[in-house]
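Structure file final.csv; described as CSV, C-alpha atoms.
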chain,number,residue,atom,x,y,z
A,293,MET,CA,5.6,4.2,-8.6
A,294,THR,CA,2.0,3.7,-9.7
A,295,GLN,CA,-0.1,6.5,-11.1
A,296,VAL,CA,-3.9,6.3,-11.3
A,297,ILE,CA,-5.8,8.9,-13.2
A,298,LEU,CA,-9.6,9.0,-13.1
A,299,TYR,CA,-11.3,10.8,-16.0
A,300,ASP,CA,-14.8,11.6,-14.7
A,301,ASP,CA,-16.6,8.4,-13.7
A,302,ARG,CA,-16.0,6.6,-17.0
A,303,THR,CA,-12.3,5.9,-17.5
A,304,VAL,CA,-9.3,5.0,-15.3
A,305,HIS,CA,-5.7,5.1,-16.6
A,306,ILE,CA,-3.3,3.0,-14.5
A,307,ASP,CA,0.5,3.4,-15.1
A,308,GLY,CA,2.8,1.1,-13.3
A,309,TYR,CA,0.6,-1.9,-12.5
A,310,LYS,CA,2.1,-5.4,-12.1
A,311,ASN,CA,-0.8,-7.8,-12.8
A,312,ILE,CA,-4.5,-8.4,-12.8
A,313,ILE,CA,-5.7,-10.4,-9.7
A,314,SER,CA,-9.3,-10.7,-10.7
A,315,PHE,CA,-11.7,-9.2,-13.2
A,316,ASP,CA,-15.4,-9.2,-14.0
A,317,SER,CA,-17.8,-6.5,-15.3
A,318,GLU,CA,-18.5,-5.2,-11.7
A,319,HIS,CA,-15.2,-5.6,-9.8
A,320,MET,CA,-11.6,-5.6,-10.7
A,321,CYS,CA,-8.4,-6.1,-8.5
A,322,ILE,CA,-5.1,-4.8,-9.9
A,323,ARG,CA,-1.8,-5.5,-8.2
A,324,CYS,CA,0.4,-2.4,-8.2
A,325,LYS,CA,3.9,-2.0,-6.7
A,326,ASP,CA,3.1,-2.6,-3.1
A,327,LYS,CA,-0.8,-2.3,-2.9
A,328,VAL,CA,-3.9,-3.6,-4.6
A,329,LEU,CA,-6.2,-1.3,-6.4
A,330,ASP,CA,-9.9,-2.3,-6.2
A,331,ILE,CA,-12.2,-0.9,-8.9
A,332,LYS,CA,-15.9,-1.2,-8.5
A,333,GLY,CA,-18.6,-0.3,-11.1
A,334,LYS,CA,-20.8,-1.6,-13.9
A,335,ASN,CA,-19.8,-2.7,-17.4
A,336,LEU,CA,-16.1,-2.5,-16.6
A,337,GLN,CA,-13.8,-3.5,-19.5
A,338,ILE,CA,-10.2,-3.2,-20.3
A,339,ASP,CA,-9.8,-0.9,-23.3
A,340,SER,CA,-6.0,-1.2,-23.7
A,341,PHE,CA,-3.1,-2.6,-21.8
A,342,SER,CA,0.7,-3.1,-22.1
A,343,GLU,CA,3.3,-4.4,-19.7
A,344,VAL,CA,3.0,-1.3,-17.5
A,345,LYS,CA,-0.1,0.7,-18.6
A,346,MET,CA,-3.8,-0.1,-18.6
A,347,VAL,CA,-7.0,1.8,-19.4
A,348,ILE,CA,-10.3,0.6,-17.9
A,349,SER,CA,-13.7,2.0,-18.8
A,350,GLY,CA,-17.3,1.6,-17.6
A,351,VAL,CA,-19.5,3.2,-15.0
A,352,ILE,CA,-16.9,3.5,-12.1
A,353,SER,CA,-18.5,3.8,-8.7
A,354,GLY,CA,-15.4,3.4,-6.5
A,355,LEU,CA,-11.6,3.1,-6.3
A,356,GLU,CA,-9.9,1.8,-3.1
A,357,TRP,CA,-6.3,0.9,-2.2
A,358,THR,CA,-5.9,-2.2,0.0

Whole structure given in structure tokens:
Amino acid sequence: MTQVILYDDRTVHIDGYKNIISFDSEHMCIRCKDKVLDIKGKNLQIDSFSEVKMVISGVISGLEWT
């Protein structure tokens, strides 16, 4: 199970991700259990990550499951 927590429009906490598909400062694709999480924004950066948890910050303008 993947859990995504959005703290205002500045921080996303993802618990249960599998890997990073692509990343730049305006768009990030994260593979989760059976879907891909697309994160769009400005100045996106990975604040911390482990094998199963990740924290992303920046000005987040959208989240979408694909």

> So which residues touch Gly354 of chain A within 10 Å, counting all atoms listed in the file, skipping near sequence neighbours fewer than 4 positions away, as a list in words?
Replying inline: Asp301, His319, Asp330, Ile331, Lys332 and Gly333 of chain A

> Which is closest to Thr294 of chain A among A:Met320, A:Ile313, A:Ile352, A:Met346, if we use all atoms listed in the file?
Replying inline: A:Met346

> What lies within 12 Å of Glu343 of chain A using all atoms listed in the file, ignoring chain neighbours under 5 positions off, as a count of residues only?
Replying inline: 7

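Distance annotation: of A:Ser349, A:Ser340, A:Thr303, A:Thr358, the residue with the minimal separation from Lys325 of chain A is A:Thr358; atom set is all atoms listed in the file.
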
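The gap separating atom CA of Asn335 of chain A from atom CA of Glu318 of chain A is 6.4 Å, in Å to one decimal.
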
>> List as an MDAnalysis selection string the protein and nucleic acid residues near Ile348 of chain A, meaning an atom at most 7 Å away when all atoms listed in the file are counted, but skip any in the same chain fewer than 5 places from it.
In response: chainID A and resid 303:305 336:339
